[in-house]
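The data block below is work-v8.cif; it holds mmCIF, N, CA and C atoms.
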data_start
#
loop_
_atom_site.label_atom_id
_atom_site.label_comp_id
_atom_site.auth_asym_id
_atom_site.auth_seq_id
_atom_site.Cartn_x
_atom_site.Cartn_y
_atom_site.Cartn_z
N MET A 281 10.70 -18.56 1.14
CA MET A 281 9.59 -18.62 0.24
C MET A 281 9.57 -17.38 -0.64
N LYS A 282 9.19 -17.57 -1.89
CA LYS A 282 9.15 -16.47 -2.83
C LYS A 282 7.88 -16.59 -3.67
N LEU A 283 7.19 -15.48 -3.85
CA LEU A 283 5.95 -15.45 -4.62
C LEU A 283 5.98 -14.21 -5.50
N GLU A 284 5.55 -14.36 -6.76
CA GLU A 284 5.59 -13.24 -7.69
C GLU A 284 4.20 -12.92 -8.24
N ASP A 285 4.02 -11.67 -8.65
CA ASP A 285 2.83 -11.18 -9.34
C ASP A 285 1.55 -11.38 -8.53
N VAL A 286 1.43 -10.64 -7.44
CA VAL A 286 0.25 -10.68 -6.58
C VAL A 286 -0.21 -9.25 -6.28
N CYS A 287 -1.29 -9.12 -5.53
CA CYS A 287 -1.78 -7.82 -5.08
C CYS A 287 -1.82 -7.81 -3.55
N LEU A 288 -1.59 -6.65 -2.98
CA LEU A 288 -1.72 -6.47 -1.55
C LEU A 288 -3.18 -6.21 -1.23
N GLY A 289 -3.80 -7.15 -0.51
CA GLY A 289 -5.21 -6.99 -0.16
C GLY A 289 -5.39 -6.02 0.98
N THR A 290 -5.22 -6.50 2.19
CA THR A 290 -5.40 -5.66 3.37
C THR A 290 -4.23 -5.88 4.32
N ILE A 291 -4.10 -4.95 5.25
CA ILE A 291 -3.16 -5.09 6.36
C ILE A 291 -3.96 -4.92 7.63
N ASN A 292 -3.94 -5.90 8.50
CA ASN A 292 -4.64 -5.83 9.78
C ASN A 292 -3.64 -5.82 10.92
N PHE A 293 -3.96 -5.02 11.92
CA PHE A 293 -3.15 -4.98 13.13
C PHE A 293 -3.84 -5.86 14.17
N ASN A 294 -3.09 -6.69 14.83
CA ASN A 294 -3.63 -7.62 15.80
C ASN A 294 -2.75 -7.59 17.05
N ASN A 295 -3.25 -8.14 18.15
CA ASN A 295 -2.46 -8.24 19.38
C ASN A 295 -1.97 -6.86 19.83
N PHE A 296 -2.88 -5.90 19.87
CA PHE A 296 -2.58 -4.51 20.29
C PHE A 296 -1.49 -3.87 19.43
N GLY A 297 -1.48 -4.21 18.14
CA GLY A 297 -0.53 -3.60 17.21
C GLY A 297 0.81 -4.29 17.14
N ARG A 298 0.99 -5.36 17.88
CA ARG A 298 2.28 -6.08 17.85
C ARG A 298 2.40 -6.97 16.62
N ASP A 299 1.26 -7.41 16.09
CA ASP A 299 1.24 -8.31 14.94
C ASP A 299 0.66 -7.60 13.72
N LEU A 300 1.18 -7.95 12.55
CA LEU A 300 0.64 -7.47 11.28
C LEU A 300 0.21 -8.69 10.47
N ILE A 301 -0.98 -8.61 9.88
CA ILE A 301 -1.48 -9.70 9.04
C ILE A 301 -1.78 -9.13 7.66
N PHE A 302 -1.07 -9.63 6.66
CA PHE A 302 -1.23 -9.18 5.28
C PHE A 302 -2.08 -10.20 4.53
N ASP A 303 -3.12 -9.72 3.83
CA ASP A 303 -3.93 -10.58 2.97
C ASP A 303 -3.41 -10.38 1.56
N ILE A 304 -3.01 -11.47 0.90
CA ILE A 304 -2.43 -11.42 -0.44
C ILE A 304 -3.47 -11.91 -1.44
N TRP A 305 -3.70 -11.12 -2.49
CA TRP A 305 -4.72 -11.42 -3.48
C TRP A 305 -4.11 -11.82 -4.81
N SER A 306 -4.89 -12.54 -5.59
CA SER A 306 -4.51 -12.92 -6.95
C SER A 306 -4.64 -11.70 -7.86
N THR A 307 -3.72 -11.55 -8.80
CA THR A 307 -3.83 -10.48 -9.79
C THR A 307 -4.83 -10.84 -10.87
N TYR A 308 -5.20 -12.10 -10.96
CA TYR A 308 -6.10 -12.55 -12.02
C TYR A 308 -7.58 -12.37 -11.68
N ASN A 309 -7.97 -12.78 -10.45
CA ASN A 309 -9.39 -12.72 -10.12
C ASN A 309 -9.69 -11.96 -8.83
N GLY A 310 -8.67 -11.46 -8.14
CA GLY A 310 -8.88 -10.66 -6.93
C GLY A 310 -9.21 -11.46 -5.69
N HIS A 311 -9.23 -12.78 -5.79
CA HIS A 311 -9.51 -13.61 -4.62
C HIS A 311 -8.27 -13.74 -3.74
N SER A 312 -8.50 -13.96 -2.46
CA SER A 312 -7.40 -14.11 -1.51
C SER A 312 -6.63 -15.40 -1.79
N LEU A 313 -5.30 -15.30 -1.83
CA LEU A 313 -4.43 -16.46 -1.97
C LEU A 313 -4.02 -17.00 -0.61
N GLY A 314 -4.09 -16.15 0.40
CA GLY A 314 -3.70 -16.54 1.75
C GLY A 314 -3.23 -15.33 2.53
N LYS A 315 -2.77 -15.61 3.72
CA LYS A 315 -2.34 -14.53 4.62
C LYS A 315 -0.90 -14.76 5.08
N ILE A 316 -0.25 -13.65 5.40
CA ILE A 316 1.07 -13.68 6.01
C ILE A 316 0.94 -12.99 7.36
N HIS A 317 1.22 -13.72 8.43
CA HIS A 317 1.07 -13.22 9.80
C HIS A 317 2.47 -12.99 10.38
N CYS A 318 2.80 -11.75 10.65
CA CYS A 318 4.08 -11.38 11.26
C CYS A 318 3.83 -11.14 12.75
N LYS A 319 4.38 -12.00 13.59
CA LYS A 319 4.14 -11.93 15.04
C LYS A 319 5.24 -11.13 15.73
N ASN A 320 4.82 -10.30 16.67
CA ASN A 320 5.73 -9.47 17.47
C ASN A 320 6.70 -8.69 16.57
N VAL A 321 6.15 -7.77 15.81
CA VAL A 321 6.91 -6.97 14.85
C VAL A 321 7.96 -6.13 15.56
N LYS A 322 9.19 -6.24 15.08
CA LYS A 322 10.30 -5.45 15.62
C LYS A 322 10.54 -4.19 14.78
N GLU A 323 10.32 -4.31 13.47
CA GLU A 323 10.58 -3.19 12.57
C GLU A 323 9.61 -3.25 11.40
N PHE A 324 9.07 -2.09 11.01
CA PHE A 324 8.16 -1.99 9.88
C PHE A 324 8.55 -0.77 9.06
N GLU A 325 8.81 -0.99 7.76
CA GLU A 325 9.12 0.11 6.85
C GLU A 325 8.22 0.00 5.64
N CYS A 326 7.70 1.12 5.17
CA CYS A 326 6.83 1.13 3.99
C CYS A 326 7.12 2.37 3.17
N ARG A 327 7.38 2.16 1.89
CA ARG A 327 7.54 3.28 0.96
C ARG A 327 6.45 3.15 -0.10
N ASN A 328 5.61 4.16 -0.18
CA ASN A 328 4.49 4.16 -1.11
C ASN A 328 4.68 5.32 -2.08
N MET A 329 4.96 5.01 -3.33
CA MET A 329 5.15 6.03 -4.36
C MET A 329 4.05 5.95 -5.41
N LEU A 330 2.82 5.72 -4.96
CA LEU A 330 1.69 5.55 -5.87
C LEU A 330 1.00 6.87 -6.22
N ASP A 331 1.55 7.98 -5.81
CA ASP A 331 1.01 9.32 -6.12
C ASP A 331 -0.47 9.46 -5.79
N GLY A 332 -0.81 9.17 -4.53
CA GLY A 332 -2.16 9.36 -4.06
C GLY A 332 -3.10 8.19 -4.30
N GLU A 333 -2.66 7.19 -5.05
CA GLU A 333 -3.50 6.01 -5.27
C GLU A 333 -3.53 5.15 -4.01
N GLU A 334 -4.55 4.34 -3.89
CA GLU A 334 -4.73 3.46 -2.73
C GLU A 334 -3.65 2.37 -2.71
N LEU A 335 -3.06 2.17 -1.54
CA LEU A 335 -2.05 1.12 -1.36
C LEU A 335 -2.69 -0.26 -1.47
N PHE A 336 -3.89 -0.41 -0.93
CA PHE A 336 -4.56 -1.70 -0.93
C PHE A 336 -5.08 -2.03 -2.32
N GLY A 337 -4.81 -3.23 -2.76
CA GLY A 337 -5.14 -3.64 -4.11
C GLY A 337 -4.03 -3.35 -5.10
N SER A 338 -2.93 -2.78 -4.63
CA SER A 338 -1.82 -2.45 -5.52
C SER A 338 -1.00 -3.69 -5.88
N TYR A 339 -0.40 -3.63 -7.04
CA TYR A 339 0.40 -4.73 -7.57
C TYR A 339 1.70 -4.89 -6.77
N ILE A 340 2.03 -6.13 -6.45
CA ILE A 340 3.30 -6.46 -5.78
C ILE A 340 4.02 -7.47 -6.66
N ALA A 341 5.18 -7.10 -7.16
CA ALA A 341 5.93 -7.97 -8.08
C ALA A 341 6.57 -9.14 -7.36
N LEU A 342 7.01 -8.93 -6.12
CA LEU A 342 7.75 -9.97 -5.41
C LEU A 342 7.41 -9.95 -3.92
N VAL A 343 7.10 -11.13 -3.39
CA VAL A 343 6.94 -11.33 -1.94
C VAL A 343 7.98 -12.36 -1.55
N LYS A 344 8.82 -11.98 -0.58
CA LYS A 344 9.88 -12.88 -0.16
C LYS A 344 9.90 -13.00 1.36
N ILE A 345 9.91 -14.23 1.86
CA ILE A 345 10.03 -14.48 3.30
C ILE A 345 11.31 -15.24 3.53
N GLU A 346 12.18 -14.66 4.34
CA GLU A 346 13.43 -15.30 4.72
C GLU A 346 13.59 -15.18 6.22
N SER A 347 13.54 -16.30 6.90
CA SER A 347 13.71 -16.35 8.35
C SER A 347 12.68 -15.44 9.02
N GLU A 348 13.10 -14.34 9.61
CA GLU A 348 12.21 -13.43 10.33
C GLU A 348 11.92 -12.15 9.55
N THR A 349 12.18 -12.15 8.23
CA THR A 349 12.02 -10.95 7.42
C THR A 349 11.04 -11.19 6.28
N LEU A 350 10.09 -10.27 6.14
CA LEU A 350 9.16 -10.26 5.02
C LEU A 350 9.49 -9.06 4.17
N LEU A 351 9.61 -9.28 2.86
CA LEU A 351 9.89 -8.19 1.93
C LEU A 351 8.87 -8.26 0.80
N MET A 352 8.20 -7.14 0.53
CA MET A 352 7.26 -7.03 -0.59
C MET A 352 7.68 -5.82 -1.40
N GLU A 353 7.80 -6.02 -2.72
CA GLU A 353 8.25 -4.89 -3.52
C GLU A 353 7.71 -4.91 -4.94
N SER A 354 7.55 -3.72 -5.46
CA SER A 354 7.24 -3.47 -6.86
C SER A 354 7.90 -2.13 -7.18
N GLY A 355 7.62 -1.59 -8.33
CA GLY A 355 8.21 -0.30 -8.68
C GLY A 355 7.74 0.84 -7.80
N GLU A 356 6.50 0.75 -7.31
CA GLU A 356 5.91 1.85 -6.53
C GLU A 356 5.78 1.56 -5.04
N VAL A 357 5.84 0.30 -4.65
CA VAL A 357 5.61 -0.08 -3.26
C VAL A 357 6.78 -0.92 -2.75
N TRP A 358 7.22 -0.61 -1.54
CA TRP A 358 8.28 -1.39 -0.89
C TRP A 358 7.92 -1.52 0.58
N ILE A 359 7.77 -2.76 1.06
CA ILE A 359 7.41 -3.02 2.45
C ILE A 359 8.39 -4.02 3.03
N LYS A 360 8.91 -3.71 4.20
CA LYS A 360 9.82 -4.62 4.90
C LYS A 360 9.34 -4.75 6.35
N VAL A 361 9.22 -6.01 6.80
CA VAL A 361 8.81 -6.29 8.17
C VAL A 361 9.80 -7.28 8.77
N ILE A 362 10.30 -6.94 9.95
CA ILE A 362 11.14 -7.87 10.71
C ILE A 362 10.36 -8.20 11.97
N SER A 363 10.18 -9.49 12.22
CA SER A 363 9.40 -9.91 13.38
C SER A 363 9.98 -11.18 13.98
N ASN A 364 9.46 -11.57 15.13
CA ASN A 364 9.95 -12.78 15.81
C ASN A 364 9.58 -14.04 15.05
N GLU A 365 8.40 -14.04 14.40
CA GLU A 365 7.93 -15.23 13.69
C GLU A 365 7.03 -14.82 12.55
N ILE A 366 7.16 -15.51 11.41
CA ILE A 366 6.31 -15.24 10.26
C ILE A 366 5.62 -16.55 9.87
N ILE A 367 4.28 -16.51 9.82
CA ILE A 367 3.49 -17.67 9.44
C ILE A 367 2.76 -17.31 8.15
N SER A 368 2.86 -18.19 7.15
CA SER A 368 2.21 -17.93 5.87
C SER A 368 1.26 -19.08 5.51
N THR A 369 0.09 -18.71 4.95
CA THR A 369 -0.84 -19.71 4.45
C THR A 369 -0.85 -19.71 2.92
N LEU A 370 0.15 -19.10 2.32
CA LEU A 370 0.24 -19.05 0.84
C LEU A 370 0.75 -20.37 0.31
#
Whole structure, structure tokens version:
Amino acid sequence: MKLEDVCLGTINFNNFGRDLIFDIWSTYNGHSLGKIHCKNVKEFECRNMLDGEELFGSYIALVKIESETLLMESGEVWIKVISNEIISTL
């Protein structure tokens, strides 16, 4: 699955920190488009080059889910999650 031009809403930790749930927002009206639930996270990497700006609400140019890998990236933000299962409501 591939989605372009969205905003990162929130990141919630669930299941004692084993799961990550990302809320993805519309860039047009700020409403939630859906959630991405990464179950039993094996690896989490995040690079934030926003120079002190808030990560939440930041623009994400590309969201890509392939098998057990979630990748979100823009010029300033790069997030990679590898987990046992990824469920998306987008």
Item to complete: Might you spell out which residues the PyMOL selection byres (((chain A and resi 365 and name CA) around 10) and name CA) would select in the displayed file, as a VMD selection string?
Response: chain A and resid 299 317 to 321 347 to 349 362 to 364 366 to 367
Discussion item. Evaluate the PyMOL selection byres ((chain A and resi 284) around 5) against this structure - the residues, as a list in words, please.
Written reply: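 Applying the expression gives Lys282, Leu283, Asp285, Val286, Ala341, Leu342 and Val343 of chain A.
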Practice prompt. Rank A:Leu300, A:Ile291, A:Leu370, A:Leu313 by their smallest atom-to-atom distance to Phe336 of chain A, using only C-alpha atoms, and report the top residue only.
Written response: A:Ile291
Item to complete: Determine the residue set returned by the PyMOL selection byres ((chain A and resi 303) around 5) for the present structure, and present it as a count of residues only.
Response: 8
Fill in: In segment 322-364 of chain A, DSSP strand (DSSP E or B) residues written as an NGL selection string
:A and (322-328 or 339-346 or 349-353 or 357-364)
Discussion item. I want to know what sits within 7 Å of segment 323-331 of chain A, based on only C-alpha atoms, with residues of the same chain fewer than 6 positions away left out; could you give that as a PyMOL selection string?
Written reply: chain A and resi 356-363
Enclose the full set of atoms of segment 320-335 of chain A listed in the file within a box whose edges lie along x, y and z, apply 4 Å of padding to each of the six sides, and report centre and edge lengths in Å to one decimal as lines of an AutoDock Vina configuration file.
center_x = 2.9
center_y = -0.4
center_z = 5.6
size_x = 23.3
size_y = 27.8
size_z = 31.7
Worksheet item: Do you have the atom CA of Ser338 of chain A-atom CA of Phe293 of chain A distance handy?
Response: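 Those two atoms sit 18.9 Å apart.
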Worksheet item: Of the residues A:Met281, A:Leu350, A:Ile345, A:Ile340, which is the one nearest to Thr307 of chain A, using only C-alpha atoms?
Response: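 Checking each of A:Met281, A:Leu350, A:Ile345, A:Ile340 against Thr307 of chain A, counting only C-alpha atoms, the winner is A:Ile340.
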Item to complete: Provide the atom CA of Ser306 of chain A to atom N of Lys322 of chain A distance in Å, to one decimal place.
Response: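 These two atoms are separated by 26.8 Å.
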Item to complete: Work out how far atom N of Phe296 of chain A is from atom N of Met352 of chain A, in Å to one decimal.
Response: 22.3 Å
Completion step: segment 351-362 of chain A with all heavy atoms as a PDB file, in the coordinates of the input:
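Final file, part01.pdb:
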ATOM      1  N   LEU A 351       9.610  -9.280   2.860  1.00  0.00           N
ATOM      2  CA  LEU A 351       9.890  -8.190   1.930  1.00  0.00           C
ATOM      3  C   LEU A 351       8.870  -8.260   0.800  1.00  0.00           C
ATOM      4  O   LEU A 351       8.682  -9.310   0.195  1.00  0.00           O
ATOM      5  CB  LEU A 351      11.311  -8.313   1.378  1.00  0.00           C
ATOM      6  CG  LEU A 351      11.782  -7.212   0.444  1.00  0.00           C
ATOM      7  CD1 LEU A 351      11.833  -5.867   1.171  1.00  0.00           C
ATOM      8  CD2 LEU A 351      13.138  -7.544  -0.121  1.00  0.00           C
ATOM      9  N   MET A 352       8.200  -7.140   0.530  1.00  0.00           N
ATOM     10  CA  MET A 352       7.260  -7.030  -0.590  1.00  0.00           C
ATOM     11  C   MET A 352       7.680  -5.820  -1.400  1.00  0.00           C
ATOM     12  O   MET A 352       7.864  -4.736  -0.835  1.00  0.00           O
ATOM     13  CB  MET A 352       5.823  -6.842  -0.081  1.00  0.00           C
ATOM     14  CG  MET A 352       5.260  -8.057   0.572  1.00  0.00           C
ATOM     15  SD  MET A 352       3.511  -7.886   0.900  1.00  0.00           S
ATOM     16  CE  MET A 352       3.578  -7.440   2.628  1.00  0.00           C
ATOM     17  N   GLU A 353       7.800  -6.020  -2.720  1.00  0.00           N
ATOM     18  CA  GLU A 353       8.250  -4.890  -3.520  1.00  0.00           C
ATOM     19  C   GLU A 353       7.710  -4.910  -4.940  1.00  0.00           C
ATOM     20  O   GLU A 353       7.407  -5.962  -5.496  1.00  0.00           O
ATOM     21  CB  GLU A 353       9.779  -4.835  -3.552  1.00  0.00           C
ATOM     22  CG  GLU A 353      10.454  -6.061  -4.095  1.00  0.00           C
ATOM     23  CD  GLU A 353      11.971  -5.962  -3.986  1.00  0.00           C
ATOM     24  OE1 GLU A 353      12.526  -4.895  -4.266  1.00  0.00           O
ATOM     25  OE2 GLU A 353      12.567  -6.961  -3.625  1.00  0.00           O
ATOM     26  N   SER A 354       7.550  -3.720  -5.460  1.00  0.00           N
ATOM     27  CA  SER A 354       7.240  -3.470  -6.860  1.00  0.00           C
ATOM     28  C   SER A 354       7.900  -2.130  -7.180  1.00  0.00           C
ATOM     29  O   SER A 354       8.626  -1.593  -6.358  1.00  0.00           O
ATOM     30  CB  SER A 354       5.733  -3.426  -7.095  1.00  0.00           C
ATOM     31  OG  SER A 354       5.172  -2.301  -6.473  1.00  0.00           O
ATOM     32  N   GLY A 355       7.620  -1.590  -8.330  1.00  0.00           N
ATOM     33  CA  GLY A 355       8.210  -0.300  -8.680  1.00  0.00           C
ATOM     34  C   GLY A 355       7.740   0.840  -7.800  1.00  0.00           C
ATOM     35  O   GLY A 355       8.481   1.768  -7.525  1.00  0.00           O
ATOM     36  N   GLU A 356       6.500   0.750  -7.310  1.00  0.00           N
ATOM     37  CA  GLU A 356       5.910   1.850  -6.530  1.00  0.00           C
ATOM     38  C   GLU A 356       5.780   1.560  -5.040  1.00  0.00           C
ATOM     39  O   GLU A 356       5.560   2.478  -4.262  1.00  0.00           O
ATOM     40  CB  GLU A 356       4.528   2.205  -7.064  1.00  0.00           C
ATOM     41  CG  GLU A 356       4.503   2.727  -8.473  1.00  0.00           C
ATOM     42  CD  GLU A 356       4.486   1.619  -9.511  1.00  0.00           C
ATOM     43  OE1 GLU A 356       4.156   0.472  -9.161  1.00  0.00           O
ATOM     44  OE2 GLU A 356       4.831   1.898 -10.662  1.00  0.00           O
ATOM     45  N   VAL A 357       5.840   0.300  -4.650  1.00  0.00           N
ATOM     46  CA  VAL A 357       5.610  -0.080  -3.260  1.00  0.00           C
ATOM     47  C   VAL A 357       6.780  -0.920  -2.750  1.00  0.00           C
ATOM     48  O   VAL A 357       7.257  -1.819  -3.449  1.00  0.00           O
ATOM     49  CB  VAL A 357       4.301  -0.888  -3.118  1.00  0.00           C
ATOM     50  CG1 VAL A 357       4.102  -1.364  -1.689  1.00  0.00           C
ATOM     51  CG2 VAL A 357       3.113  -0.076  -3.589  1.00  0.00           C
ATOM     52  N   TRP A 358       7.220  -0.610  -1.540  1.00  0.00           N
ATOM     53  CA  TRP A 358       8.280  -1.390  -0.890  1.00  0.00           C
ATOM     54  C   TRP A 358       7.920  -1.520   0.580  1.00  0.00           C
ATOM     55  O   TRP A 358       7.723  -0.515   1.265  1.00  0.00           O
ATOM     56  CB  TRP A 358       9.621  -0.695  -1.044  1.00  0.00           C
ATOM     57  CG  TRP A 358      10.782  -1.452  -0.508  1.00  0.00           C
ATOM     58  CD1 TRP A 358      11.497  -2.411  -1.165  1.00  0.00           C
ATOM     59  CD2 TRP A 358      11.394  -1.318   0.777  1.00  0.00           C
ATOM     60  NE1 TRP A 358      12.494  -2.881  -0.358  1.00  0.00           N
ATOM     61  CE2 TRP A 358      12.457  -2.227   0.840  1.00  0.00           C
ATOM     62  CE3 TRP A 358      11.120  -0.520   1.886  1.00  0.00           C
ATOM     63  CZ2 TRP A 358      13.255  -2.355   1.956  1.00  0.00           C
ATOM     64  CZ3 TRP A 358      11.920  -0.653   2.999  1.00  0.00           C
ATOM     65  CH2 TRP A 358      12.980  -1.555   3.026  1.00  0.00           C
ATOM     66  N   ILE A 359       7.770  -2.760   1.060  1.00  0.00           N
ATOM     67  CA  ILE A 359       7.410  -3.020   2.450  1.00  0.00           C
ATOM     68  C   ILE A 359       8.390  -4.020   3.030  1.00  0.00           C
ATOM     69  O   ILE A 359       8.645  -5.062   2.415  1.00  0.00           O
ATOM     70  CB  ILE A 359       5.972  -3.567   2.572  1.00  0.00           C
ATOM     71  CG1 ILE A 359       4.972  -2.533   2.069  1.00  0.00           C
ATOM     72  CG2 ILE A 359       5.662  -3.964   4.021  1.00  0.00           C
ATOM     73  CD1 ILE A 359       3.544  -3.051   1.968  1.00  0.00           C
ATOM     74  N   LYS A 360       8.910  -3.710   4.200  1.00  0.00           N
ATOM     75  CA  LYS A 360       9.820  -4.620   4.900  1.00  0.00           C
ATOM     76  C   LYS A 360       9.340  -4.750   6.350  1.00  0.00           C
ATOM     77  O   LYS A 360       9.079  -3.749   7.010  1.00  0.00           O
ATOM     78  CB  LYS A 360      11.236  -4.069   4.884  1.00  0.00           C
ATOM     79  CG  LYS A 360      12.232  -4.955   5.606  1.00  0.00           C
ATOM     80  CD  LYS A 360      13.624  -4.349   5.548  1.00  0.00           C
ATOM     81  CE  LYS A 360      14.620  -5.172   6.318  1.00  0.00           C
ATOM     82  NZ  LYS A 360      15.959  -4.544   6.320  1.00  0.00           N
ATOM     83  N   VAL A 361       9.220  -6.010   6.800  1.00  0.00           N
ATOM     84  CA  VAL A 361       8.810  -6.290   8.170  1.00  0.00           C
ATOM     85  C   VAL A 361       9.800  -7.280   8.770  1.00  0.00           C
ATOM     86  O   VAL A 361      10.094  -8.310   8.168  1.00  0.00           O
ATOM     87  CB  VAL A 361       7.390  -6.899   8.232  1.00  0.00           C
ATOM     88  CG1 VAL A 361       7.004  -7.170   9.675  1.00  0.00           C
ATOM     89  CG2 VAL A 361       6.378  -5.999   7.563  1.00  0.00           C
ATOM     90  N   ILE A 362      10.300  -6.940   9.950  1.00  0.00           N
ATOM     91  CA  ILE A 362      11.140  -7.870  10.710  1.00  0.00           C
ATOM     92  C   ILE A 362      10.360  -8.200  11.970  1.00  0.00           C
ATOM     93  O   ILE A 362       9.934  -7.298  12.698  1.00  0.00           O
ATOM     94  CB  ILE A 362      12.508  -7.260  11.057  1.00  0.00           C
ATOM     95  CG1 ILE A 362      13.266  -6.934   9.770  1.00  0.00           C
ATOM     96  CG2 ILE A 362      13.316  -8.220  11.929  1.00  0.00           C
ATOM     97  CD1 ILE A 362      14.572  -6.196   9.987  1.00  0.00           C
TER      98      ILE A 362
END
